[in-house]
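Asker: Dropping in input10.pdb, with PDB, C-alpha atoms.
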ATOM      1  CA  ASP A   1      20.066 222.446  -3.261
ATOM      2  CA  VAL A   2      18.233 219.564  -1.578
ATOM      3  CA  ALA A   3      19.100 215.833  -1.685
ATOM      4  CA  GLY A   4      20.223 215.544  -5.281
ATOM      5  CA  VAL A   5      17.943 218.280  -6.623
ATOM      6  CA  LEU A   6      19.754 220.939  -8.652
ATOM      7  CA  GLY A   7      19.210 224.571  -7.778
ATOM      8  CA  ILE A   8      17.666 227.035 -10.227
ATOM      9  CA  HIS A   9      21.097 228.523 -11.019
ATOM     10  CA  HIS A  10      22.220 225.090 -12.272
ATOM     11  CA  TYR A  11      19.118 224.827 -14.420
ATOM     12  CA  LEU A  12      19.656 228.266 -15.941
ATOM     13  CA  TRP A  13      23.271 227.332 -16.626
ATOM     14  CA  ILE A  14      22.034 224.345 -18.668
ATOM     15  CA  ARG A  15      19.255 226.309 -20.378
ATOM     16  CA  LEU A  16      21.240 228.824 -22.381
ATOM     17  CA  ASP A  17      18.033 230.284 -23.828
ATOM     18  CA  LEU A  18      17.039 231.578 -20.373
ATOM     19  CA  SER A  19      18.693 234.223 -18.237
ATOM     20  CA  TRP A  20      18.876 234.567 -14.483
ATOM     21  CA  LYS A  21      17.874 238.236 -14.653
ATOM     22  CA  SER A  22      14.659 237.586 -16.613
ATOM     23  CA  PHE A  23      13.775 234.717 -14.306
ATOM     24  CA  MET A  24      14.211 236.818 -11.189
ATOM     25  CA  VAL A  25      12.092 239.664 -12.587
ATOM     26  CA  THR A  26       9.129 237.379 -13.209
ATOM     27  CA  ARG A  27       9.477 235.045 -10.240
ATOM     28  CA  THR A  28      10.546 237.014  -7.178
ATOM     29  CA  LYS A  29       7.621 239.370  -6.770
ATOM     30  CA  ASP A  30       6.015 237.187  -4.103
ATOM     31  CA  LEU A  31       9.236 236.130  -2.358
ATOM     32  CA  GLU A  32      10.347 237.709   0.880
ATOM     33  CA  PRO A  33      13.939 238.965   1.201
ATOM     34  CA  PRO A  34      16.160 236.457   3.033
ATOM     35  CA  HIS A  35      16.850 238.833   5.933
ATOM     36  CA  GLU A  36      13.166 238.702   6.946
ATOM     37  CA  TRP A  37      13.413 234.944   7.372
ATOM     38  CA  ARG A  38      16.554 235.250   9.475
ATOM     39  CA  SER A  39      14.655 237.272  12.060
ATOM     40  CA  LEU A  40      11.926 234.652  12.466
ATOM     41  CA  THR A  41      11.795 232.101  15.259
ATOM     42  CA  SER A  42      11.833 228.389  14.416
ATOM     43  CA  GLU A  43       8.117 228.192  15.225
ATOM     44  CA  GLU A  44       7.336 231.040  12.804
ATOM     45  CA  VAL A  45       9.404 229.426  10.051
ATOM     46  CA  SER A  46       7.630 226.095  10.604
ATOM     47  CA  LYS A  47       4.256 227.822  10.388
ATOM     48  CA  ARG A  48       5.169 229.526   7.101
ATOM     49  CA  VAL A  49       6.518 226.300   5.620
ATOM     50  CA  ALA A  50       3.334 224.477   6.649
ATOM     51  CA  ASP A  51       1.298 227.220   4.975
ATOM     52  CA  VAL A  52       3.266 226.811   1.752
ATOM     53  CA  PHE A  53       2.634 223.060   1.754
ATOM     54  CA  SER A  54      -1.066 223.613   2.432
ATOM     55  CA  ARG A  55      -1.351 225.890  -0.603
ATOM     56  CA  LEU A  56       0.711 223.501  -2.694
ATOM     57  CA  LYS A  57      -1.649 220.623  -1.871
ATOM     58  CA  LEU A  58      -4.582 222.673  -3.176
ATOM     59  CA  GLU A  59      -2.878 223.635  -6.444
ATOM     60  CA  HIS A  60      -0.882 220.472  -7.182
ATOM     61  CA  VAL A  61      -3.189 217.491  -7.711
ATOM     62  CA  GLN A  62      -0.321 214.959  -7.551
ATOM     63  CA  PHE A  63       1.208 216.331  -4.371
ATOM     64  CA  GLY A  64       0.567 213.084  -2.493
ATOM     65  CA  MET A  65       2.443 211.059  -5.118
ATOM     66  CA  ASP A  66       5.632 213.094  -5.351
ATOM     67  CA  GLY A  67       7.544 211.968  -2.286
ATOM     68  CA  VAL A  68      10.790 213.649  -1.216
ATOM     69  CA  ARG A  69      13.440 212.047  -3.468
ATOM     70  CA  ASN A  70      12.532 213.925  -6.674
ATOM     71  CA  VAL A  71      12.808 210.752  -8.792
ATOM     72  CA  TRP A  72      11.748 210.921 -12.445
ATOM     73  CA  LEU A  73      11.329 208.379 -15.226
ATOM     74  CA  VAL A  74      12.530 209.292 -18.707
ATOM     75  CA  LYS A  75      11.269 207.128 -21.549
ATOM     76  CA  PRO A  76      11.411 207.261 -25.358
ATOM     77  CA  GLY A  77       8.540 209.021 -27.098
ATOM     78  CA  CYS A  78       7.877 205.798 -28.990
ATOM     79  CA  GLY A  79       9.129 202.551 -27.550
ATOM     80  CA  THR A  80       8.151 199.222 -26.024
ATOM     81  CA  ARG A  81       9.366 196.551 -23.644
ATOM     82  CA  GLY A  82      11.050 198.999 -21.291
ATOM     83  CA  ASN A  83      13.766 199.886 -23.797
ATOM     84  CA  GLY A  84      15.468 203.211 -23.120
ATOM     85  CA  ILE A  85      13.693 203.877 -19.794
ATOM     86  CA  LYS A  86      15.898 205.334 -17.057
ATOM     87  CA  CYS A  87      15.388 206.738 -13.545
ATOM     88  CA  PHE A  88      16.926 210.037 -12.452
ATOM     89  CA  ASP A  89      17.005 212.122  -9.282
ATOM     90  CA  GLY A  90      19.063 215.018 -10.690
ATOM     91  CA  MET A  91      17.958 217.582 -13.251
ATOM     92  CA  ARG A  92      21.300 217.859 -15.037
ATOM     93  CA  GLU A  93      21.576 214.119 -15.751
ATOM     94  CA  LEU A  94      17.925 213.966 -16.790
ATOM     95  CA  LEU A  95      18.184 216.848 -19.264
ATOM     96  CA  CYS A  96      21.469 215.630 -20.724
ATOM     97  CA  TYR A  97      20.039 212.161 -21.341
ATOM     98  CA  ALA A  98      16.796 213.472 -22.856
ATOM     99  CA  ALA A  99      18.509 216.098 -25.009
ATOM    100  CA  GLY A 100      21.086 213.587 -26.231
ATOM    101  CA  ARG A 101      18.477 211.306 -27.791
ATOM    102  CA  LYS A 102      17.895 211.442 -31.554
ATOM    103  CA  LYS A 103      14.137 211.215 -30.999
ATOM    104  CA  GLY A 104      11.910 212.814 -28.377
ATOM    105  CA  ALA A 105      11.704 211.670 -24.779
ATOM    106  CA  ILE A 106       9.012 211.862 -22.108
ATOM    107  CA  ALA A 107       9.845 212.822 -18.509
ATOM    108  CA  GLN A 108       7.330 211.415 -16.029
ATOM    109  CA  LYS A 109       7.266 211.909 -12.255
ATOM    110  CA  TYR A 110       7.949 208.683 -10.395
ATOM    111  CA  ILE A 111       5.219 207.686  -7.943
ATOM    112  CA  GLU A 112       7.509 207.410  -4.944
ATOM    113  CA  ASN A 113       4.964 206.169  -2.399
ATOM    114  CA  CYS A 114       3.668 203.412  -4.664
ATOM    115  CA  LEU A 115       1.759 200.437  -3.288
ATOM    116  CA  LEU A 116       4.073 197.417  -2.952
ATOM    117  CA  LEU A 117       3.376 193.697  -3.028
ATOM    118  CA  HIS A 118       5.703 191.903  -0.638
ATOM    119  CA  ASP A 119       7.972 194.951  -0.728
ATOM    120  CA  LYS A 120       8.132 194.891  -4.551
ATOM    121  CA  LYS A 121       6.859 197.387  -7.088
ATOM    122  CA  PHE A 122       4.142 196.248  -9.485
ATOM    123  CA  ASP A 123       1.991 197.687 -12.221
ATOM    124  CA  ILE A 124      -1.401 196.800 -13.672
ATOM    125  CA  ARG A 125      -1.449 195.827 -17.345
ATOM    126  CA  SER A 126      -4.810 196.356 -19.044
ATOM    127  CA  TRP A 127      -5.705 195.562 -22.672
ATOM    128  CA  THR A 128      -8.420 197.481 -24.503
ATOM    129  CA  LEU A 129     -10.058 196.627 -27.823
ATOM    130  CA  VAL A 130     -11.704 199.504 -29.710
ATOM    131  CA  SER A 131     -14.233 198.088 -32.165
ATOM    132  CA  ASN A 132     -15.819 201.406 -33.149
ATOM    133  CA  TRP A 133     -14.722 205.040 -32.859
ATOM    134  CA  ASN A 134     -18.092 206.679 -33.579
ATOM    135  CA  PRO A 135     -19.762 205.989 -31.294
ATOM    136  CA  LEU A 136     -16.729 205.071 -29.205
ATOM    137  CA  THR A 137     -17.024 201.394 -28.288
ATOM    138  CA  ALA A 138     -14.274 199.911 -26.134
ATOM    139  CA  TRP A 139     -13.845 196.479 -24.549
ATOM    140  CA  ILE A 140     -11.473 196.250 -21.587
ATOM    141  CA  HIS A 141     -10.056 192.820 -20.789
ATOM    142  CA  GLU A 142      -9.553 191.826 -17.170
ATOM    143  CA  PRO A 143      -6.095 193.166 -16.220
ATOM    144  CA  TYR A 144      -3.197 191.384 -14.556
ATOM    145  CA  MET A 145      -0.344 192.450 -12.296
ATOM    146  CA  ARG A 146       3.330 192.506 -13.304
ATOM    147  CA  ILE A 147       5.661 192.378 -10.309
ATOM    148  CA  CYS A 148       9.319 193.292 -10.046
ATOM    149  CA  THR A 149      11.690 190.568  -8.924
ATOM    150  CA  GLU A 150      13.735 192.676  -6.487
ATOM    151  CA  SER A 151      12.669 194.744  -3.481
ATOM    152  CA  HIS A 152      11.766 198.348  -4.161
ATOM    153  CA  SER A 153      14.192 201.110  -3.182
ATOM    154  CA  LEU A 154      14.674 204.766  -4.088
ATOM    155  CA  ASP A 155      18.261 204.927  -2.876
ATOM    156  CA  ALA A 156      20.487 206.627  -5.427
ATOM    157  CA  ASP A 157      22.471 203.433  -6.068
ATOM    158  CA  SER A 158      19.313 201.471  -6.893
ATOM    159  CA  LEU A 159      17.869 203.785  -9.551
ATOM    160  CA  LYS A 160      19.833 202.026 -12.296
ATOM    161  CA  ASN A 161      18.528 198.621 -11.251
ATOM    162  CA  HIS A 162      15.687 197.851 -13.660
ATOM    163  CA  PHE A 163      14.674 194.779 -11.673
ATOM    164  CA  LYS A 164      13.546 197.150  -8.903
ATOM    165  CA  HIS A 165      11.726 199.746 -11.007
ATOM    166  CA  LEU A 166      10.574 198.473 -14.434
ATOM    167  CA  CYS A 167       7.718 195.992 -14.254
ATOM    168  CA  ASN A 168       7.849 195.033 -17.939
ATOM    169  CA  ARG A 169       7.895 191.267 -18.394
ATOM    170  CA  CYS A 170      10.617 191.581 -21.044
ATOM    171  CA  VAL A 171      12.837 193.215 -18.423
ATOM    172  CA  GLN A 172      12.009 191.045 -15.422
ATOM    173  CA  VAL A 173      12.275 187.748 -17.323
ATOM    174  CA  LYS A 174      16.050 188.365 -17.529
ATOM    175  CA  SER A 175      16.264 188.151 -13.761
ATOM    176  CA  GLY A 176      17.139 184.800 -12.277
ATOM    177  CA  LYS A 177      14.309 185.317  -9.761
ATOM    178  CA  TYR A 178      11.498 185.587 -12.331
ATOM    179  CA  GLU A 179       8.622 183.121 -11.859
ATOM    180  CA  GLU A 180       5.830 183.342 -14.419
ATOM    181  CA  GLN A 181       3.057 181.967 -12.276
ATOM    182  CA  ASP A 182      -0.020 183.284 -10.505
ATOM    183  CA  SER A 183       1.190 182.697  -6.960
ATOM    184  CA  GLU A 184       1.006 185.038  -3.989
ATOM    185  CA  GLU A 185       4.206 183.569  -2.556
ATOM    186  CA  ASP A 186       6.716 184.008  -5.373
ATOM    187  CA  GLY A 187       4.807 184.580  -8.608
ATOM    188  CA  SER A 188       5.746 187.461 -10.904
ATOM    189  CA  MET A 189       2.349 187.660 -12.650
ATOM    190  CA  TRP A 190      -0.778 187.943 -10.530
ATOM    191  CA  SER A 191      -4.394 187.667 -11.560
ATOM    192  CA  VAL A 192      -7.083 189.979 -10.232
ATOM    193  CA  GLU A 193      -8.283 187.260  -7.852
ATOM    194  CA  THR A 194      -4.822 186.832  -6.353
ATOM    195  CA  LEU A 195      -4.500 190.584  -5.864
ATOM    196  CA  LYS A 196      -7.925 190.833  -4.231
ATOM    197  CA  LYS A 197      -6.982 188.027  -1.852
ATOM    198  CA  TYR A 198      -3.768 189.878  -0.960
ATOM    199  CA  LEU A 199      -5.659 193.128  -0.389
ATOM    200  CA  GLU A 200      -8.211 191.401   1.821
ATOM    201  CA  GLU A 201      -5.437 189.891   3.933
ATOM    202  CA  ASN A 202      -3.393 193.066   4.301
ATOM    203  CA  PHE A 203      -5.898 195.942   4.088
ATOM    204  CA  GLU A 204      -9.379 196.552   5.358
ATOM    205  CA  GLY A 205     -11.988 196.253   2.599
ATOM    206  CA  GLY A 206      -9.756 194.715  -0.067
ATOM    207  CA  GLU A 207     -12.663 193.974  -2.397
ATOM    208  CA  SER A 208     -13.838 197.584  -2.343
ATOM    209  CA  LEU A 209     -10.253 198.798  -2.864
ATOM    210  CA  TRP A 210      -9.995 196.792  -6.066
ATOM    211  CA  LYS A 211     -13.372 198.097  -7.206
ATOM    212  CA  LYS A 212     -12.032 201.662  -6.949
ATOM    213  CA  VAL A 213      -8.924 200.728  -8.934
ATOM    214  CA  GLU A 214     -11.025 198.976 -11.574
ATOM    215  CA  ASP A 215     -13.251 202.038 -11.989
ATOM    216  CA  GLN A 216     -10.169 204.226 -12.399
ATOM    217  CA  ILE A 217      -8.784 201.891 -15.078
ATOM    218  CA  ARG A 218     -12.008 202.224 -17.086
ATOM    219  CA  ARG A 219     -12.184 205.993 -16.649
ATOM    220  CA  ILE A 220      -8.536 206.624 -17.546
ATOM    221  CA  SER A 221      -8.706 204.284 -20.555
ATOM    222  CA  LEU A 222     -11.737 206.102 -21.923
ATOM    223  CA  MET A 223     -10.141 209.508 -21.357
ATOM    224  CA  CYS A 224      -7.056 208.419 -23.310
ATOM    225  CA  LEU A 225      -9.187 207.064 -26.155
ATOM    226  CA  HIS A 226     -11.218 210.275 -26.360
ATOM    227  CA  CYS A 227      -7.937 212.191 -26.835
ATOM    228  CA  VAL A 228      -7.214 210.333 -30.095
ATOM    229  CA  GLN A 229     -10.768 209.646 -31.206
ATOM    230  CA  GLU A 230     -10.855 212.204 -34.017
ATOM    231  CA  PHE A 231      -7.593 210.914 -35.506
ATOM    232  CA  SER A 232      -8.428 207.195 -35.520
ATOM    233  CA  THR A 233     -10.535 205.146 -37.911
ATOM    234  CA  CYS A 234      -9.273 201.571 -37.627
ATOM    235  CA  VAL A 235      -9.773 198.829 -35.029
ATOM    236  CA  TRP A 236      -7.342 199.296 -32.143
ATOM    237  CA  ILE A 237      -5.847 197.007 -29.535
ATOM    238  CA  ALA A 238      -4.145 199.165 -26.900
ATOM    239  CA  ALA A 239      -2.160 198.341 -23.756
ATOM    240  CA  ALA A 240      -2.216 200.543 -20.669
ATOM    241  CA  ASP A 241      -0.106 200.287 -17.516
ATOM    242  CA  GLY A 242      -0.879 201.824 -14.156
ATOM    243  CA  VAL A 243       0.735 202.064 -10.730
ATOM    244  CA  SER A 244      -1.279 202.409  -7.524
ATOM    245  CA  ARG A 245      -0.122 204.604  -4.651
ATOM    246  CA  ILE A 246      -0.516 204.023  -0.951
TER     247      ILE A 246
END
Could you show the structure in this file as structure tokens?
Answerer:
Amino acid sequence: DVAGVLGIHHYLWIRLDLSWKSFMVTRTKDLEPPHEWRSLTSEEVSKRVADVFSRLKLEHVQFGMDGVRNVWLVKPGCGTRGNGIKCFDGMRELLCYAAGRKKGAIAQKYIENCLLLHDKKFDIRSWTLVSNWNPLTAWIHEPYMRICTESHSLDADSLKNHFKHLCNRCVQVKSGKYEEQDSEEDGSMWSVETLKKYLEENFEGGESLWKKVEDQIRRISLMCLHCVQEFSTCVWIAAADGVSRI
């Protein structure tokens, strides 16, 4: 077990439909017996661990976003305004919360190395109007940034603090620190121009950085719309939120 992460035996204890024996038969073919590792030097172990991470980077496209705290977001299958969203760093608590809901829940990996603005988490809210589904015609309004009112932290004690992790305006407005203004100093809602100015001041090529983010917003929005294109016939106004990583 590592830093709040449950071992596989805990998981199998929760999942009564699985058995340890069947898991071991299908999963241990490529694992070396423990005694072989005990005979290795520290340099040899380090080399093997580095090799595992190298292969993992090739096969896991979100490897750079995972971090080391194993933090997950669980949110209702249908919900708004941040209602019902919780952060977890342990499998048992996550599964118990999700399974205890009357309706479905979505478990989403937390982007642990997210880009921060003045040490605070933020997301990018983008609105899209779909005026025609065939051919697909979408109009994306210029987005804006929603910023948390308290400094970001992944410490276990902070995971229940929504003012650190949920950027929804309906959540942050309940904080006594919320300022609904477009100000780089203490504003909780930034325009694109304010963000670009911040990027220029703190990173090299801030304008080009925003251009990359803007292109990703368009591409991801269109991919999501294509997924529901065959089921939709009416005019849509959709909201999309995104978090940038370092």
Asker: Output the residue selection produced by the PyMOL selection byres ((chain A and resi 73-89) around 10) on the file above, formatted as a ChimeraX atom specification.
Answerer: /A:3-6,69-72,90-95,97-98,101-111,154-156,158-162,165-172
Asker: CA of Val235 (chain A) and CA of Ser191 (chain A), how far apart in Å?
Answerer: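 Value for the CA of Ser191 (chain A)-CA of Val235 (chain A) distance: 26.5 Å.
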Asker: Report, in Å with one decimal, the straight-line distance from CA of Glu44 (chain A) to CA of Asn113 (chain A).
Answerer: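 Atom-to-atom, CA of Glu44 (chain A) to CA of Asn113 (chain A), that is 29.2 Å.
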Asker: What's the separation between CA of Leu115 (chain A) and CA of Gly64 (chain A), in Å to one decimal place?
Answerer: 12.7 Å
Asker: Let me have the centre and edge lengths in Å, one decimal, of the box along x, y and z around every listed atom of region 46-52 of chain A with 5 Å of margin on each side, as JSON.
Answerer:
{"center_x": 4.5, "center_y": 227.0, "center_z": 6.2, "size_x": 16.3, "size_y": 15.0, "size_z": 18.9}
